[in-house]
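The structure under discussion appears below in the form of structure tokens.
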Amino acid sequence: MMRERLGLVTDGAYNTGLTVRLDAQCSTEDLRVGELVVVEGQSHRYFGMISDMQLRVTDPRLLASPPHDAPPLVTEALAGTGTYATLEVKPMLMLDLSVEPDEQRGPQRVRTIPMHFSALYRASEMDFATVFGKEGGTNFAIGTPVPMEIPICLRLDRFVERSNGIFGQSGTGKSFLARILLSGIIKTRAAANLIFDMHSEYAFDKQTEDGDWVKGLRELFGSQILVYSLDADAAARRNVDVTLTVGLNQVEAEDVMLLADELDLTATTAATSGLLVDQYGKDWLRQILGMSADNIAGFCQSSGAHPEATRALQRKLKEVQRRGYLKDEVPFSLIDEMVTALGRGRSIILEFGRHDTPLDYMLVANIVTRRIRRLYQQKVERFEETKAEADRPLQLVITLEEAHKFLSPAVARQTIFGTIAREMRKYNVTLMVVDQRPSGIDPEVMSQLGTRVTGLLAEERDIDAVFMGMSGRSFLRGALAGLDTRQQVLLMGHAVPMPVVVQTRRYDEDFYRVMQGTGARRDGLEVTSADIWAR
Amino acid sequence: MRIGEIIESTSVLFVSESLELRQSPALGSLLRVRISDDGDLYGVVCYGETRSLDPGRRAVRRSTSEVYDDQVYRENPQLEHILRTEFTCLAVGVLEAGGILQGLPAQPPPLHFSVHTCSPEETARFTEDLYYFRLLLSASLPVPAEQLLANHVRRVYGERGGDDNWLRRAAQEVGHLLKQDYDRLMAVLYGIDQGSSPRAGGVSTK
């Protein structure tokens, strides 16, 4: 196994990472911050990432009078002696080389650091395979490390068991990445998916920024995907399975509170709607919408609600009532059918069609998710009673775009999504939040996200937010800042053994073939565990 | 080729008298003393001088407006007997039983033994390893060590037939040895470069 030697460890601390003096023939320009590197210690092999680079001189006088127009002989003699570079390397994982390959459990978290003058190498393909595993099963190739052509795998079984986030500023390829991940989850049957598709872009063919047409998930996976739509007109034009309607009876006070921003509601609204629910129960919304001025006065008198506030609430709720998909009374059976389909492992895309304002999106997503979560809770409780494997509910991943609207600090405590994100996998329902402003999401929710996939972020606050609750964020910051604007992401968290920068897989004909299982699977490295872990 | 005889010998330096008056070997060139049947001692010429045999007597002017330079020696043949040329070498290593050991010799070279020039092969063989640069830089010498080293590197480069790889290696070694002293380093490097870079009309290092 040939690796390129980069330098020697000269300094370091467990807390701050290692300092490596770069060999004279290595240029910093050939390396990248965030790159995977390997340190060969005496009894352990360490895997880490380059977190920083520095240029140094041995004699400070050189800084004061750098050689002008120096002949090549002089600059060559200075390179690597009088002038040199150091790398900061943060070790993340280590492999015990004294353990027999057969008993090897793979790389573990670092608990020590290598001694002086251990050699640093650029990671080889074998090293990537050692850390990220081979493609296959729930190990899903999400892309390649930036300088190489070997798959980096995400463990989808681990990915779906906690809530996750996909972040990146606009144009970094979030929705394609989400599509690739969803395809992986569907293909490997790691979980069922419910996708709230605000801009109707997941189900059917869509044109990219470059003008190419890409396939939707429905085209890719056929009947494994059910498409629901809120928009009856669009449903008639497109190949939609079910047109979803929502009843006023399904709207709860918490849904209205979620819309506080959209409807410009005041703080007294919570109190007023609470009083309405006390009085009328589930029928509260229909009741207030149907009230005349006299009724309102009567209600205020009997309940102690503020008449002005109640009238204002009624006025604003009329706007909700005008939505085409809202009916007076709708049974929950439509949503319950969704849960049945999800329970059988099918995935559902809910399109919003022309009802794509934040108000529609938030209202419907909240109502649907609350019902689904309740049913899942029942399922889990039943499973805990019977302990029969057949009753074990299938993992469900809810994909949520514009997630900050549901998970902002102001509303995250009230919405069902905040609850799901916080309680994690208890009820087998997790979120995949897709957002360009992670700083808009409640820090408590952010810190609960298991796996984070992030493209380039420009805003300082967003960068801080995306590293919330991660260890070693100062090391990762450099890697994030060095990402290309498109198709490069930083993977970190629960589903990958260590953070890594990847060039994401292309969503193209090759990908379709692999997903539809017609093409030959990409061959992984033909390695045995003995090859991987032998020195 | 035999060029001199050792007339003063210490562990570090040895002084030889040149066989021919005014025929001192070049500063920085590598010389060889045969010290046993299969043993050689190597030295680098670090100083040369021509002076009166009698240390107390200074030379006096002998030229006229018609007779000067070489003609002075032809007109005054006795000068061959009252002047002498000496050169000093810094011992840098020995060849023993087929192996080269760079560093100071165990014993100073024997007095009155002959000093020879090195063939290109011998030079190439001895200079393959560059450890002896340390001796050149650290010895206390009558000439600036940086100038001596630069001269030496230029000469060896020529002896080795313009070996660019060796030159680059030598420059890097100097860079490594003088990494803490930028001014001395530059003195050596620019000294080497004058005789070997394209700027000075020499051979390119590229």
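Starting from 1 in every chain, residues are counted up; chains themselves are A, B, ... following the order of the structure tokens, and ligands are numbered from 1 as listed.
Residues lying within 9 Å of Ser119 in chain B, counting only C-alpha atoms and ignoring same-chain neighbours fewer than 4 positions away, are Met1, Thr123, Ala124 and Glu159 of chain B.
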Using only C-alpha atoms, select each residue of chain B with any atom at most 8 Å away from an atom of chain A, and give the selection as a list of chain:residue names.
B:Arg168, B:Ala171, B:Gln172, B:Glu173, B:Val174, B:Gly175, B:His176, B:Leu178, B:Lys179, B:Gln180, B:Asp181, B:Tyr182, B:Met186, B:Leu189, B:Tyr190, B:Asp193, B:Ser197, B:Arg199, B:Thr205, B:Lys206
Just-selected residues, C-alpha atoms written as a CSV table (one decimal), in the first residue's frame:
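Saved file again_0.csv follows:
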chain,number,residue,atom,x,y,z
B,168,ARG,CA,20.8,21.4,-5.8
B,171,ALA,CA,22.5,24.2,-1.9
B,172,GLN,CA,19.7,22.5,0.2
B,173,GLU,CA,22.3,21.1,2.6
B,174,VAL,CA,23.7,24.6,3.1
B,175,GLY,CA,20.2,25.9,3.5
B,176,HIS,CA,19.6,23.3,6.2
B,178,LEU,CA,22.5,27.8,8.0
B,179,LYS,CA,18.7,27.9,8.5
B,180,GLN,CA,19.1,30.0,11.7
B,181,ASP,CA,21.5,32.5,10.0
B,182,TYR,CA,19.9,34.0,7.0
B,186,MET,CA,22.7,34.1,1.5
B,189,LEU,CA,24.1,30.7,-1.8
B,190,TYR,CA,24.8,33.8,-3.9
B,193,ASP,CA,25.2,30.9,-7.8
B,197,SER,CA,23.6,30.1,-12.5
B,199,ARG,CA,22.7,34.9,-14.6
B,205,THR,CA,20.5,24.5,-12.2
B,206,LYS,CA,17.2,23.7,-13.9
Would you compute the distance between CA of Met468 in chain A and CA of Glu444 in chain A? Give it in Å to one decimal.
8.8 Å
Spatial neighbours of range 379-390 of chain A, max dist 10 Å, only C-alpha atoms, sep filter under 5 positions, as a PyMOL selection string:
chain A and resi 343+373-374+426-428
I need the residues from that last selection saved to file as a PDB file, in the first residue's frame (with C-alpha atoms), if you can.
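In the end it all went to selection_15.pdb:
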ATOM      1  CA  GLY A 343     -46.161   1.643   7.413  1.00  0.00           C
ATOM      2  CA  ARG A 373     -46.886  11.343  14.961  1.00  0.00           C
ATOM      3  CA  ARG A 374     -49.877  10.471  17.157  1.00  0.00           C
ATOM      4  CA  LYS A 426     -38.317   7.649  20.576  1.00  0.00           C
ATOM      5  CA  TYR A 427     -41.293   7.163  18.335  1.00  0.00           C
ATOM      6  CA  ASN A 428     -39.416   6.112  15.201  1.00  0.00           C
TER       7      ASN A 428
END
Please return as a PDB file with C-alpha atoms, in the first residue's frame: the residues of range 144-267 of chain A that backbone DSSP assigns to strand (DSSP E).
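Generated file (selection_22.pdb):
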ATOM      1  CA  THR A 144     -16.327  11.132  -3.525  1.00  0.00           C
ATOM      2  CA  PRO A 145     -13.562  12.750  -1.510  1.00  0.00           C
ATOM      3  CA  ILE A 152     -17.654   7.942   0.555  1.00  0.00           C
ATOM      4  CA  CYS A 153     -20.447   6.095   2.276  1.00  0.00           C
ATOM      5  CA  LEU A 154     -23.076   7.347   4.636  1.00  0.00           C
ATOM      6  CA  ARG A 155     -24.595   4.781   6.972  1.00  0.00           C
ATOM      7  CA  ASN A 164     -30.783  15.366  10.350  1.00  0.00           C
ATOM      8  CA  GLY A 165     -30.089  18.627   8.638  1.00  0.00           C
ATOM      9  CA  ILE A 166     -29.090  19.618   5.121  1.00  0.00           C
ATOM     10  CA  PHE A 167     -27.832  23.187   5.020  1.00  0.00           C
ATOM     11  CA  ALA A 192     -40.263   5.372   4.773  1.00  0.00           C
ATOM     12  CA  ASN A 193     -40.302   9.004   3.711  1.00  0.00           C
ATOM     13  CA  LEU A 194     -42.836  11.756   3.997  1.00  0.00           C
ATOM     14  CA  ILE A 195     -41.778  14.759   1.988  1.00  0.00           C
ATOM     15  CA  PHE A 196     -43.436  18.136   2.349  1.00  0.00           C
ATOM     16  CA  ASP A 197     -42.710  19.433  -1.111  1.00  0.00           C
ATOM     17  CA  LYS A 206     -37.666  19.259 -13.161  1.00  0.00           C
ATOM     18  CA  GLN A 207     -35.366  21.575 -15.030  1.00  0.00           C
ATOM     19  CA  TRP A 213     -34.090  17.959 -17.120  1.00  0.00           C
ATOM     20  CA  VAL A 214     -33.727  15.648 -14.191  1.00  0.00           C
ATOM     21  CA  ILE A 225     -43.810   6.685  -4.235  1.00  0.00           C
ATOM     22  CA  LEU A 226     -47.299   8.042  -3.613  1.00  0.00           C
ATOM     23  CA  VAL A 227     -47.938  11.616  -4.630  1.00  0.00           C
ATOM     24  CA  TYR A 228     -50.490  13.639  -2.703  1.00  0.00           C
ATOM     25  CA  SER A 229     -51.457  17.121  -3.739  1.00  0.00           C
ATOM     26  CA  VAL A 242     -54.600  11.562  -3.944  1.00  0.00           C
ATOM     27  CA  THR A 243     -55.882  15.089  -3.546  1.00  0.00           C
ATOM     28  CA  VAL A 246     -58.017  19.485   5.342  1.00  0.00           C
ATOM     29  CA  GLY A 247     -60.968  20.113   7.606  1.00  0.00           C
TER      30      GLY A 247
END
Fewer than 2 positions away in the same chain doesn't count, so skip those; otherwise give me all residues within 10 Å of range 106-118 of chain A, counting only C-alpha atoms, as a VMD selection string.
chain A and resid 7 to 15 17 to 21 39 to 48 90 to 96 101 103 to 104 120 to 121 130 to 133 497 to 498 529 532 to 533
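Picture a line from CA of Ile150 in chain A to CA of Leu87 in chain A; it runs 24.6 Å.
Nearest-residue note for Leu480 in chain A: choosing from A:Glu4, A:Asp294, A:Glu460, A:Glu100, the minimum distance belongs to A:Glu460, counting only C-alpha atoms.
Omitting Met515 in chain A and its sequence neighbours fewer than 3 positions away, and counting only C-alpha atoms, the residues within 7 Å are Lys187, Phe511 and Tyr512 of chain A.
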Could the residues in this selection be saved with N, CA and C atoms as a JSON list (two decimals), in the first residue's frame?
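again.json was written with the following content:
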[["chain", "number", "residue", "atom", "x", "y", "z"],
["A", 187, "LYS", "N", -34.18, 3.40, -1.81],
["A", 187, "LYS", "CA", -33.55, 2.24, -2.45],
["A", 187, "LYS", "C", -33.12, 1.20, -1.42],
["A", 511, "PHE", "N", -26.85, 7.61, -12.12],
["A", 511, "PHE", "CA", -27.48, 7.49, -10.81],
["A", 511, "PHE", "C", -28.85, 6.80, -10.96],
["A", 512, "TYR", "N", -29.61, 7.21, -11.99],
["A", 512, "TYR", "CA", -30.94, 6.59, -12.19],
["A", 512, "TYR", "C", -30.79, 5.08, -12.37]]
Can you list, as a count of residues only, every protein, DNA or RNA residue that comes within 6 Å of range 216-223 of chain A when you count only C-alpha atoms, leaving out same-chain residues fewer than 4 positions away?
4
Would you list the contacts of Leu342 in chain A as a PyMOL selection string, taking every protein, DNA or RNA residue within 8 Å and counting only C-alpha atoms, but skipping same-chain residues closer than 2 positions in sequence?
chain A and resi 192-194+338-340+344-348+394+396
Produce a file of the selected residues containing C-alpha atoms, as a PDB file, in the first residue's frame.
ATOM      1  CA  ALA A 192     -40.263   5.372   4.773  1.00  0.00           C
ATOM      2  CA  ASN A 193     -40.302   9.004   3.711  1.00  0.00           C
ATOM      3  CA  LEU A 194     -42.836  11.756   3.997  1.00  0.00           C
ATOM      4  CA  MET A 338     -51.049   7.914   4.484  1.00  0.00           C
ATOM      5  CA  VAL A 339     -49.781   6.321   7.673  1.00  0.00           C
ATOM      6  CA  THR A 340     -50.873   2.885   6.474  1.00  0.00           C
ATOM      7  CA  ARG A 344     -45.832  -0.594   4.354  1.00  0.00           C
ATOM      8  CA  GLY A 345     -42.620   1.167   3.443  1.00  0.00           C
ATOM      9  CA  ARG A 346     -43.972   3.372   0.692  1.00  0.00           C
ATOM     10  CA  SER A 347     -42.886   6.977   0.549  1.00  0.00           C
ATOM     11  CA  ILE A 348     -45.191   9.932   0.182  1.00  0.00           C
ATOM     12  CA  LEU A 394     -41.003   1.183  10.259  1.00  0.00           C
ATOM     13  CA  LEU A 396     -40.237   7.341   9.188  1.00  0.00           C
TER      14      LEU A 396
END
